[in-house]
$ cat target-v1.txt   # compact mmCIF, C-alpha atoms and all ligand atoms
# COMPACT_ATOMS: atom_id res chain seq x y z
CA MET A 649 -130.41 -79.39 -167.39
CA MET A 650 -130.01 -80.63 -170.94
CA PRO A 651 -132.59 -80.02 -173.68
CA ASP A 652 -134.24 -83.16 -174.97
CA MET A 653 -132.64 -84.36 -178.17
CA PRO A 654 -133.88 -87.92 -178.58
CA ASN A 655 -131.76 -89.43 -181.37
CA GLY A 656 -131.46 -85.94 -182.80
CA CYS A 657 -127.96 -85.09 -181.58
CA ALA A 658 -125.12 -84.48 -183.98
CA LEU A 659 -122.68 -85.35 -181.22
CA GLU A 660 -123.09 -87.04 -177.89
CA LEU A 661 -120.56 -87.76 -175.16
CA ARG A 662 -121.78 -90.39 -172.71
CA LYS A 663 -119.99 -90.70 -169.37
CA VAL A 664 -116.61 -90.11 -170.97
CA VAL A 665 -113.62 -90.67 -168.70
CA ALA A 666 -109.99 -90.00 -169.60
CA SER A 667 -106.71 -90.17 -167.72
CA TYR A 668 -103.02 -89.55 -168.22
CA GLY A 669 -100.84 -92.03 -166.39
CA GLY A 670 -102.85 -92.75 -163.27
CA GLU A 671 -104.50 -89.33 -163.09
CA THR A 672 -108.13 -88.96 -164.18
CA VAL A 673 -108.55 -85.58 -165.89
CA VAL A 674 -111.98 -86.03 -167.53
CA LYS A 675 -114.39 -87.48 -165.00
CA GLY A 676 -117.48 -88.87 -166.68
CA ILE A 677 -118.72 -86.12 -168.99
CA ASP A 678 -122.18 -86.16 -170.58
CA LEU A 679 -122.70 -83.61 -173.33
CA SER A 680 -125.01 -83.43 -176.37
CA VAL A 681 -124.70 -81.06 -179.29
CA ALA A 682 -127.71 -80.57 -181.58
CA PRO A 683 -127.32 -80.29 -185.37
CA GLY A 684 -126.03 -76.80 -186.18
CA GLU A 685 -125.59 -75.92 -182.51
CA PHE A 686 -122.61 -73.94 -181.21
CA VAL A 687 -121.55 -75.13 -177.75
CA SER A 688 -118.64 -73.58 -175.86
CA LEU A 689 -116.60 -75.61 -173.43
CA LEU A 690 -115.56 -72.98 -170.89
CA GLY A 691 -113.27 -73.37 -167.92
CA PRO A 692 -109.93 -72.37 -166.42
CA SER A 693 -106.61 -73.65 -167.70
CA GLY A 694 -105.96 -77.30 -166.85
CA CYS A 695 -109.62 -78.27 -166.24
CA GLY A 696 -109.64 -80.77 -169.13
CA LYS A 697 -111.10 -78.83 -172.07
CA SER A 698 -108.44 -79.74 -174.65
CA THR A 699 -108.43 -83.35 -173.51
CA THR A 700 -112.22 -83.49 -174.04
CA LEU A 701 -111.85 -82.05 -177.53
CA ARG A 702 -109.04 -84.48 -178.35
CA LEU A 703 -111.24 -87.36 -177.18
CA VAL A 704 -113.96 -86.26 -179.61
CA ALA A 705 -111.41 -85.88 -182.41
CA GLY A 706 -110.04 -89.36 -181.64
CA LEU A 707 -106.58 -88.07 -180.73
CA GLU A 708 -106.99 -89.53 -177.22
CA ARG A 709 -108.68 -92.77 -176.16
CA PRO A 710 -111.22 -92.66 -173.33
CA VAL A 711 -110.82 -95.06 -170.40
CA SER A 712 -114.59 -95.54 -170.56
CA GLY A 713 -117.69 -93.94 -172.04
CA GLU A 714 -118.90 -93.44 -175.59
CA ILE A 715 -118.66 -90.82 -178.31
CA ILE A 716 -121.59 -90.89 -180.70
CA VAL A 717 -121.80 -88.88 -183.93
CA ASN A 718 -125.11 -88.82 -185.81
CA GLY A 719 -126.16 -92.00 -184.04
CA ARG A 720 -122.93 -93.88 -184.82
CA ASP A 721 -120.58 -95.01 -182.03
CA LEU A 722 -117.15 -93.63 -182.95
CA THR A 723 -115.42 -94.40 -179.66
CA ARG A 724 -113.04 -96.87 -181.27
CA VAL A 725 -112.86 -95.32 -184.75
CA PRO A 726 -109.48 -93.77 -185.72
CA PRO A 727 -109.32 -89.95 -186.09
CA ASN A 728 -109.08 -89.89 -189.90
CA GLN A 729 -112.37 -91.79 -190.20
CA ARG A 730 -114.35 -89.57 -187.82
CA GLU A 731 -115.47 -86.72 -190.10
CA MET A 732 -114.26 -84.03 -187.71
CA GLY A 733 -112.98 -80.60 -188.66
CA VAL A 734 -110.41 -79.42 -186.15
CA VAL A 735 -108.87 -75.97 -185.59
CA PHE A 736 -106.18 -75.52 -182.96
CA GLN A 737 -104.83 -72.35 -181.39
CA ASP A 738 -101.51 -72.62 -183.23
CA TYR A 739 -103.18 -73.06 -186.66
CA ALA A 740 -100.99 -76.08 -187.52
CA LEU A 741 -100.99 -75.17 -191.22
CA PHE A 742 -98.43 -76.90 -193.42
CA PRO A 743 -95.79 -74.17 -193.84
CA HIS A 744 -94.46 -75.39 -197.22
CA MET A 745 -97.92 -75.70 -198.85
CA ASN A 746 -99.75 -72.70 -200.24
CA VAL A 747 -103.16 -71.65 -198.95
CA ALA A 748 -105.12 -73.59 -201.59
CA ARG A 749 -103.25 -76.83 -200.91
CA ASN A 750 -103.64 -76.42 -197.17
CA VAL A 751 -107.39 -76.03 -197.59
CA GLY A 752 -107.62 -78.95 -200.03
CA TYR A 753 -105.43 -81.28 -197.97
CA GLY A 754 -108.25 -83.25 -196.33
CA LEU A 755 -109.96 -83.72 -199.68
CA GLU A 756 -106.69 -84.94 -201.24
CA MET A 757 -106.39 -87.47 -198.41
CA ARG A 758 -109.90 -88.63 -199.23
CA ARG A 759 -108.82 -89.08 -202.87
CA LYS A 760 -111.34 -86.64 -204.29
CA SER A 761 -110.93 -85.70 -207.96
CA SER A 762 -108.82 -82.64 -208.67
CA ALA A 763 -111.81 -80.88 -210.22
CA GLU A 764 -113.85 -81.42 -207.07
CA ILE A 765 -110.96 -80.29 -204.87
CA ALA A 766 -110.43 -77.13 -206.92
CA GLU A 767 -114.11 -76.25 -206.76
CA ARG A 768 -114.44 -76.86 -203.01
CA VAL A 769 -111.21 -74.98 -202.22
CA SER A 770 -112.44 -71.93 -204.15
CA GLU A 771 -115.79 -72.08 -202.41
CA MET A 772 -114.15 -72.30 -198.97
CA LEU A 773 -111.68 -69.49 -199.68
CA GLU A 774 -114.51 -67.26 -200.92
CA MET A 775 -116.44 -68.03 -197.74
CA VAL A 776 -113.59 -66.95 -195.45
CA GLY A 777 -112.78 -63.93 -197.65
CA LEU A 778 -109.40 -65.18 -198.88
CA GLY A 779 -110.19 -65.73 -202.56
CA ASP A 780 -107.17 -63.64 -203.58
CA TYR A 781 -104.68 -65.39 -201.29
CA ARG A 782 -104.74 -68.93 -202.66
CA ASP A 783 -101.10 -68.94 -203.80
CA ARG A 784 -99.57 -67.47 -200.64
CA LEU A 785 -97.63 -69.52 -198.12
CA PRO A 786 -98.81 -69.47 -194.48
CA GLY A 787 -95.72 -67.45 -193.54
CA GLU A 788 -96.93 -64.65 -195.84
CA LEU A 789 -100.24 -64.24 -193.98
CA SER A 790 -101.33 -62.36 -190.86
CA GLY A 791 -102.51 -64.24 -187.75
CA GLY A 792 -106.16 -63.62 -188.59
CA GLN A 793 -105.70 -64.78 -192.17
CA ARG A 794 -103.91 -67.93 -191.05
CA GLN A 795 -106.80 -68.70 -188.73
CA ARG A 796 -109.26 -68.24 -191.61
CA VAL A 797 -107.23 -70.73 -193.66
CA ALA A 798 -107.31 -73.18 -190.76
CA LEU A 799 -111.10 -72.76 -190.56
CA ALA A 800 -111.52 -73.22 -194.34
CA ARG A 801 -109.36 -76.33 -194.17
CA ALA A 802 -111.38 -77.76 -191.26
CA LEU A 803 -114.66 -77.18 -193.10
CA ALA A 804 -113.56 -78.22 -196.59
CA THR A 805 -114.39 -81.87 -196.00
CA ARG A 806 -117.91 -80.91 -194.79
CA PRO A 807 -117.33 -82.48 -191.37
CA ALA A 808 -120.17 -83.71 -189.17
CA VAL A 809 -118.67 -81.80 -186.25
CA LEU A 810 -116.39 -78.76 -186.03
CA LEU A 811 -113.97 -78.66 -183.08
CA LEU A 812 -112.04 -75.51 -182.18
CA ASP A 813 -109.49 -75.26 -179.37
CA GLU A 814 -108.93 -71.63 -178.29
CA PRO A 815 -108.56 -70.61 -181.94
CA PHE A 816 -108.40 -66.85 -181.30
CA ALA A 817 -106.26 -66.82 -178.15
CA ALA A 818 -103.22 -65.49 -180.03
CA LEU A 819 -105.07 -62.64 -181.76
CA ASP A 820 -105.34 -59.06 -180.50
CA ARG A 821 -108.62 -57.90 -179.02
CA HIS A 822 -109.98 -56.15 -182.10
CA LEU A 823 -109.15 -58.93 -184.54
CA ARG A 824 -110.43 -61.47 -182.07
CA SER A 825 -113.83 -59.84 -181.95
CA ARG A 826 -113.98 -59.72 -185.77
CA MET A 827 -113.02 -63.39 -186.02
CA GLN A 828 -115.69 -64.32 -183.45
CA HIS A 829 -118.38 -62.75 -185.63
CA GLU A 830 -116.88 -64.27 -188.75
CA LEU A 831 -116.78 -67.75 -187.23
CA ARG A 832 -120.42 -67.58 -186.13
CA ARG A 833 -121.49 -66.37 -189.57
CA ILE A 834 -119.69 -69.24 -191.30
CA GLN A 835 -120.75 -71.81 -188.70
CA ARG A 836 -124.40 -70.80 -189.19
CA LEU A 837 -124.02 -70.83 -192.96
CA MET A 838 -122.63 -74.37 -192.89
CA SER A 839 -124.99 -75.34 -190.06
CA VAL A 840 -122.30 -77.50 -188.52
CA ALA A 841 -122.48 -78.78 -184.91
CA THR A 842 -119.58 -77.10 -183.12
CA ILE A 843 -117.63 -77.39 -179.89
CA PHE A 844 -115.59 -74.27 -179.16
CA VAL A 845 -113.06 -74.44 -176.34
CA THR A 846 -112.21 -71.23 -174.52
CA HIS A 847 -111.15 -70.02 -171.07
CA ASP A 848 -112.58 -66.56 -171.84
CA GLN A 849 -116.05 -66.11 -170.35
CA GLU A 850 -116.91 -63.04 -172.44
CA GLU A 851 -116.05 -64.92 -175.62
CA ALA A 852 -118.24 -67.85 -174.53
CA LEU A 853 -121.15 -65.56 -173.55
CA ALA A 854 -120.98 -63.66 -176.83
CA MET A 855 -120.74 -66.62 -179.18
CA SER A 856 -122.56 -69.63 -177.83
CA ASP A 857 -125.97 -71.21 -178.22
CA ARG A 858 -125.08 -73.06 -175.04
CA ILE A 859 -122.12 -73.03 -172.67
CA ALA A 860 -120.78 -76.07 -170.83
CA VAL A 861 -118.88 -74.82 -167.77
CA MET A 862 -116.03 -77.15 -166.88
CA SER A 863 -114.15 -77.42 -163.61
CA GLN A 864 -111.60 -80.09 -162.67
CA GLY A 865 -112.77 -82.61 -165.23
CA VAL A 866 -116.53 -82.28 -164.67
CA LEU A 867 -119.24 -80.08 -166.19
CA SER A 868 -120.63 -77.90 -163.43
CA ASP A 869 -123.36 -76.24 -165.52
CA ILE A 870 -124.72 -76.48 -169.07
CA GLY A 871 -127.15 -74.01 -170.59
CA GLU A 872 -127.84 -70.88 -172.58
CA PRO A 873 -125.47 -67.99 -171.81
CA ARG A 874 -128.19 -65.81 -170.33
CA ARG A 875 -129.47 -68.57 -168.04
CA ILE A 876 -125.97 -69.42 -166.82
CA TYR A 877 -125.25 -65.77 -166.11
CA ASP A 878 -128.58 -65.03 -164.41
CA ASP A 879 -129.09 -68.34 -162.65
CA PRO A 880 -125.88 -70.37 -162.38
CA ALA A 881 -126.34 -73.96 -161.22
CA SER A 882 -123.14 -74.04 -159.19
CA ARG A 883 -120.94 -71.82 -157.08
CA PHE A 884 -118.16 -72.42 -159.60
CA ALA A 885 -120.31 -71.16 -162.49
CA LEU A 886 -121.32 -68.10 -160.44
CA ASP A 887 -117.67 -67.21 -159.77
CA PHE A 888 -116.32 -68.05 -163.19
CA ILE A 889 -118.97 -66.33 -165.30
CA GLY A 890 -119.35 -62.66 -164.52
CA GLY A 891 -117.86 -61.06 -161.46
CA CYS A 892 -119.87 -60.27 -158.36
CA SER A 893 -119.52 -58.45 -155.06
CA LYS A 894 -119.51 -60.77 -152.06
CA LEU A 895 -120.78 -58.92 -149.01
CA PRO A 896 -120.14 -60.34 -145.54
CA VAL A 897 -123.47 -61.01 -143.81
CA THR A 898 -124.84 -62.91 -140.82
CA VAL A 899 -127.73 -65.34 -141.34
CA ARG A 900 -130.64 -64.24 -139.06
CA GLU A 901 -133.66 -66.23 -140.18
CA ILE A 902 -134.26 -69.21 -142.47
CA GLY A 903 -137.79 -69.24 -143.91
CA GLU A 904 -139.44 -71.58 -146.37
CA THR A 905 -138.83 -69.54 -149.49
CA ALA A 906 -136.29 -67.01 -148.29
CA ILE A 907 -133.38 -66.41 -145.98
CA PHE A 908 -132.94 -63.14 -144.12
CA CYS A 909 -129.51 -61.85 -143.36
CA GLU A 910 -127.90 -58.86 -141.79
CA LEU A 911 -125.28 -56.68 -143.36
CA LYS A 912 -122.90 -55.03 -140.89
CA GLY A 913 -123.95 -51.46 -140.08
CA HIS A 914 -127.50 -51.84 -141.49
CA ASP A 915 -130.71 -52.40 -139.53
CA THR A 916 -133.01 -53.76 -142.23
CA LEU A 917 -132.68 -57.49 -142.89
CA LEU A 918 -131.95 -58.41 -146.49
CA GLU A 919 -133.98 -61.14 -148.19
CA VAL A 920 -132.25 -63.77 -150.35
CA GLN A 921 -134.10 -66.49 -152.25
CA ARG A 922 -131.22 -68.50 -153.70
CA VAL A 923 -128.50 -70.46 -151.95
CA LEU A 924 -125.54 -71.91 -153.85
CA GLY A 925 -123.33 -74.73 -152.66
CA PHE A 926 -123.73 -74.68 -148.86
CA ALA A 927 -126.21 -75.09 -145.99
CA PRO A 928 -126.79 -71.79 -144.13
CA VAL A 929 -127.07 -71.82 -140.33
CA VAL A 930 -128.80 -69.11 -138.24
CA GLY A 931 -126.27 -66.92 -136.45
CA GLN A 932 -123.43 -67.97 -138.76
CA PRO A 933 -121.55 -65.75 -141.23
CA ALA A 934 -122.09 -66.13 -144.98
CA ARG A 935 -121.75 -63.95 -148.06
CA LEU A 936 -124.33 -62.26 -150.19
CA ALA A 937 -123.21 -62.35 -153.84
CA LEU A 938 -124.58 -59.65 -156.13
CA ARG A 939 -123.77 -58.86 -159.74
CA SER A 940 -123.25 -55.21 -160.58
CA ASN A 941 -126.03 -55.36 -163.20
CA GLN A 942 -128.50 -56.44 -160.48
CA ILE A 943 -127.98 -53.34 -158.36
CA ARG A 944 -129.87 -50.12 -159.07
CA ILE A 945 -129.34 -46.75 -157.46
CA ARG A 946 -132.61 -45.17 -156.38
CA GLN A 947 -134.02 -42.41 -154.24
CA ALA A 948 -137.04 -44.30 -152.87
CA GLU A 949 -137.70 -47.80 -151.56
CA ASN A 950 -139.74 -50.42 -153.41
CA PRO A 951 -141.39 -53.38 -151.59
CA ASP A 952 -140.07 -56.00 -154.08
CA GLU A 953 -136.53 -54.91 -153.51
CA ASN A 954 -133.90 -55.00 -150.85
CA SER A 955 -132.52 -51.56 -150.22
CA CYS A 956 -129.48 -50.35 -148.47
CA PRO A 957 -128.58 -46.69 -147.80
CA VAL A 958 -125.22 -45.84 -149.33
CA GLN A 959 -123.02 -42.90 -150.15
CA VAL A 960 -121.55 -42.70 -153.65
CA LYS A 961 -117.75 -42.86 -153.42
CA ASP A 962 -116.78 -42.70 -157.02
CA LYS A 963 -118.29 -42.72 -160.47
CA VAL A 964 -116.85 -43.46 -163.89
CA PHE A 965 -118.59 -42.33 -167.05
CA LEU A 966 -118.26 -45.13 -169.64
CA GLY A 967 -120.32 -43.60 -172.45
CA THR A 968 -123.59 -45.49 -172.63
CA SER A 969 -123.32 -46.47 -168.96
CA THR A 970 -121.97 -45.00 -165.74
CA GLU A 971 -120.33 -47.08 -163.06
CA TYR A 972 -120.91 -46.04 -159.45
CA THR A 973 -118.84 -47.30 -156.54
CA PHE A 974 -120.04 -47.23 -152.95
CA ASP A 975 -119.53 -48.98 -149.69
CA MET A 976 -121.84 -51.68 -148.30
CA GLY A 977 -121.01 -53.24 -144.94
CA GLY A 978 -117.42 -52.07 -145.31
CA TYR A 979 -117.00 -53.59 -148.78
CA PRO A 980 -116.75 -51.77 -152.12
CA VAL A 981 -119.69 -52.48 -154.45
CA GLU A 982 -120.19 -51.42 -158.05
CA ALA A 983 -123.43 -50.66 -159.86
CA VAL A 984 -123.76 -49.94 -163.56
CA GLU A 985 -126.54 -47.55 -164.58
CA PRO A 986 -127.49 -46.42 -168.10
CA SER A 987 -126.01 -42.94 -168.51
CA SER A 988 -129.46 -41.72 -169.61
CA ASN A 989 -130.60 -42.16 -165.96
CA ARG A 990 -130.38 -39.25 -163.57
CA ASP A 991 -126.77 -38.47 -162.71
CA ILE A 992 -125.78 -38.96 -159.08
CA ALA A 993 -122.96 -36.88 -157.65
CA ILE A 994 -119.97 -38.25 -155.78
CA SER A 995 -120.66 -38.32 -152.01
CA ALA A 996 -124.44 -38.05 -152.57
CA LYS A 997 -126.64 -40.27 -150.40
CA ALA A 998 -128.80 -42.82 -152.24
CA LEU A 999 -130.32 -46.28 -151.92
CA ALA A 1000 -128.64 -49.32 -153.43
CA CYS A 1001 -131.54 -51.60 -154.41
CA TRP A 1002 -131.87 -55.03 -155.92
CA SER A 1003 -134.74 -57.42 -156.51
CA LYS A 1004 -135.39 -59.93 -153.75
CA LYS A 1005 -135.20 -62.58 -156.47
CA ASP A 1006 -131.62 -61.54 -157.28
CA GLY A 1007 -128.44 -62.32 -155.41
CA TRP A 1008 -127.18 -65.55 -153.92
CA LEU A 1009 -126.24 -66.62 -150.44
CA ILE A 1010 -122.88 -68.42 -150.56
CA ALA A 1011 -120.42 -69.79 -148.02
CA GLN A 1012 -118.08 -67.35 -146.34
CA ASP A 1013 -114.98 -69.47 -147.36
N1 LIG B 1101 -100.28 -85.38 -172.75
C1 LIG B 1101 -100.49 -85.22 -171.43
N2 LIG B 1101 -99.84 -85.98 -170.52
C2 LIG B 1101 -100.05 -85.85 -169.20
N3 LIG B 1101 -100.91 -84.95 -168.65
C3 LIG B 1101 -101.58 -84.16 -169.50
C4 LIG B 1101 -101.41 -84.24 -170.92
N4 LIG B 1101 -102.23 -83.31 -171.50
C5 LIG B 1101 -102.86 -82.69 -170.48
N5 LIG B 1101 -102.48 -83.19 -169.28
C6 LIG B 1101 -103.00 -82.78 -167.96
O1 LIG B 1101 -104.39 -82.99 -167.95
C7 LIG B 1101 -105.09 -81.92 -167.33
C8 LIG B 1101 -106.08 -81.30 -168.31
O2 LIG B 1101 -105.35 -80.71 -169.39
P1 LIG B 1101 -106.07 -80.01 -170.62
O3 LIG B 1101 -107.13 -80.90 -171.14
O4 LIG B 1101 -104.99 -79.63 -171.57
O5 LIG B 1101 -106.70 -78.73 -169.92
P2 LIG B 1101 -107.23 -77.35 -170.57
O6 LIG B 1101 -107.29 -77.50 -172.04
O7 LIG B 1101 -108.56 -77.14 -169.92
O8 LIG B 1101 -106.26 -76.30 -170.14
C9 LIG B 1101 -104.02 -80.96 -166.85
O9 LIG B 1101 -103.75 -81.23 -165.52
C10 LIG B 1101 -102.83 -81.30 -167.72
O10 LIG B 1101 -101.63 -81.01 -167.07
MG MG B 1102 -106.31 -76.38 -173.54
$ encode --input "target-v1.txt" --output "structure tokens"
Amino acid sequence: MMPDMPNGCALELRKVVASYGGETVVKGIDLSVAPGEFVSLLGPSGCGKSTTLRLVAGLERPVSGEIIVNGRDLTRVPPNQREMGVVFQDYALFPHMNVARNVGYGLEMRRKSSAEIAERVSEMLEMVGLGDYRDRLPGELSGGQRQRVALARALATRPAVLLLDEPFAALDRHLRSRMQHELRRIQRLMSVATIFVTHDQEEALAMSDRIAVMSQGVLSDIGEPRRIYDDPASRFALDFIGGCSKLPVTVREIGETAIFCELKGHDTLLEVQRVLGFAPVVGQPARLALRSNQIRIRQAENPDENSCPVQVKDKVFLGTSTEYTFDMGGYPVEAVEPSSNRDIAISAKALACWSKKDGWLIAQD
């Protein structure tokens, strides 16, 4: 699952376990981040993302396991000696210090000369586009500007690893998207290994070199965004990343490379090649999970595809794409087609088709 990075990782977590009181919240995590790589830690609230980040920063102590940075075991090294740049959701800027002093704070702590601090602070403020704001107090800045200051401060000491905990959660949608681009630009420029915590799957898909999907203290999938979306390793990753329709089916035949199932009200058996998280049994109910981008609306059948006759119930023109809704086996299904394709009228009959390689058979729950 993980790319080979023999001795080449900037950061490595080895079987890291953490608990609060008697409760284990991080359950033996293995994660490597390559130099310059941007890895998102993605999962629902309470799954242990912040705790993992705090373990790396040294703000929490693991019960067991190791944290290695550039080949050096930092597990027992205090936070101020770890060379980490940290950005939290609430900025945590010093309210009584101006922007320049906030950015230079880490360098001051490291007793750098004032000439060096001044030069680095200017460089960092230029990089985040706040060269003209050096004398302002945090209270005199917008949310986006404060987050840029926090980023400049985290990077000013040239950390080995950059850690960000939901840094854009408080920003509005538009600003958030701008800051996402900005962060990637700066992160690439500095080529700093980064862990970015988020519960927002779109943010993780858009920004990451790799995503680590977290659920209840364990990583349930690690990989490139496209791979995780197209071929999730776990039922949790399938559900959490990208929505899908889950059609009720009955398992009719289990072959060597495929399973055939029946959708209520349809004669043709549907072929599925992937099963996630359960053992199908002939005659038993299950669900066929399909993503809306896997389904195409066609007029004619194709031997590599499953096809299902449907009647278009609704359509929504979204500009570059059009979203069609129809009924399959009594369940509403959506398909997104490029608007340049032939337009299909509401209540028209058509075929909903998808590749036999697409879709997953999952438990009924
Ligand atoms: N300081 C703490 N003391 C006790 N329990 C905590 C503390 N911080 C977090 N937890 C618990 O640990 C679990 C993981 O929390 P956290 O790492 O903050 O999750 P996330 O960042 O994914 O939302 C949650 O159940 C949370 O309630
Ligand atoms: Mg958190």
$ closest_atom_pairs --input "target-v1.txt" --of "chain A" --to "ligand MG 1102 (chain B)" --cutoff "12 Å" --atoms "only C-alpha atoms and all ligand atoms" --output "Markdown table"
| residue | atom | partner | partner_atom | distance |
| --- | --- | --- | --- | --- |
| A:Leu689 | CA | B:MG1102 | MG | 10.3 |
| A:Leu690 | CA | B:MG1102 | MG | 10.2 |
| A:Gly691 | CA | B:MG1102 | MG | 9.4 |
| A:Pro692 | CA | B:MG1102 | MG | 8.9 |
| A:Ser693 | CA | B:MG1102 | MG | 6.5 |
| A:Gly694 | CA | B:MG1102 | MG | 6.8 |
| A:Cys695 | CA | B:MG1102 | MG | 8.2 |
| A:Gly696 | CA | B:MG1102 | MG | 7.1 |
| A:Lys697 | CA | B:MG1102 | MG | 5.6 |
| A:Ser698 | CA | B:MG1102 | MG | 4.1 |
| A:Thr699 | CA | B:MG1102 | MG | 7.3 |
| A:Thr700 | CA | B:MG1102 | MG | 9.3 |
| A:Leu701 | CA | B:MG1102 | MG | 8.9 |
| A:Arg702 | CA | B:MG1102 | MG | 9.8 |
| A:Phe736 | CA | B:MG1102 | MG | 9.5 |
| A:Gln737 | CA | B:MG1102 | MG | 8.9 |
| A:Asp738 | CA | B:MG1102 | MG | 11.4 |
| A:Leu812 | CA | B:MG1102 | MG | 10.4 |
| A:Asp813 | CA | B:MG1102 | MG | 6.7 |
| A:Glu814 | CA | B:MG1102 | MG | 7.2 |
| A:Pro815 | CA | B:MG1102 | MG | 10.4 |
| A:Ala817 | CA | B:MG1102 | MG | 10.6 |
| A:Phe844 | CA | B:MG1102 | MG | 11.1 |
| A:Val845 | CA | B:MG1102 | MG | 7.6 |
| A:Thr846 | CA | B:MG1102 | MG | 7.9 |
| A:His847 | CA | B:MG1102 | MG | 8.4 |
| A:Asp848 | CA | B:MG1102 | MG | 11.8 |
| A:Met862 | CA | B:MG1102 | MG | 11.8 |
$ atom_distance --input "target-v1.txt" --atom1 "atom CA of A:His744" --atom2 "atom CA of A:Leu785"
6.7 Å
$ closest_residue --input "target-v1.txt" --among "A:His829, A:Arg922, A:Arg709, A:Arg720" --to "ligand LIG 1101 (chain B)" --atoms "all atoms listed in the file"
A:Arg709
$ residues_around --input "target-v1.txt" --residues "A:Arg794" --least-positions-apart "3" --cutoff "10 Å" --atoms "all atoms listed in the file" --output "PyMOL selection string"
chain A and resi 738-741+747+778+785-791+797-800
$ residues_around --input "target-v1.txt" --residues "A:Arg821" --least-positions-apart "3" --cutoff "12 Å" --atoms "only C-alpha atoms" --output "ChimeraX atom specification"
/A:792,816-818,824-828,848,850-851
$ closest_residue --input "target-v1.txt" --among "A:Ala748, A:Ile765, A:Val929, A:Met976" --to "A:His914" --atoms "all atoms listed in the file"
A:Met976
$ atom_distance --input "target-v1.txt" --atom1 "atom CA of A:Asp991" --atom2 "atom CA of A:Glu971"
10.8 Å
$ axis_aligned_box --input "target-v1.txt" --around "ligand LIG 1101 (chain B)" --padding-each-side "8 Å" --output "JSON"
{"center_x": -104.2, "center_y": -81.1, "center_z": -169.1, "size_x": 24.7, "size_y": 25.7, "size_z": 23.2}
$ atom_distance --input "target-v1.txt" --atom1 "atom C5 of ligand LIG 1101 (chain B)" --atom2 "atom CA of A:Pro873"
27.0 Å
$ closest_residue --input "target-v1.txt" --among "A:Ala1011, A:Cys657, A:Cys1001, A:Leu823" --to "A:Ala948" --atoms "only C-alpha atoms"
A:Cys1001
$ closest_residue --input "target-v1.txt" --among "A:Thr805, A:Gln793, A:Thr970, A:Ser770" --to "A:Leu755" --atoms "all atoms listed in the file"
A:Thr805
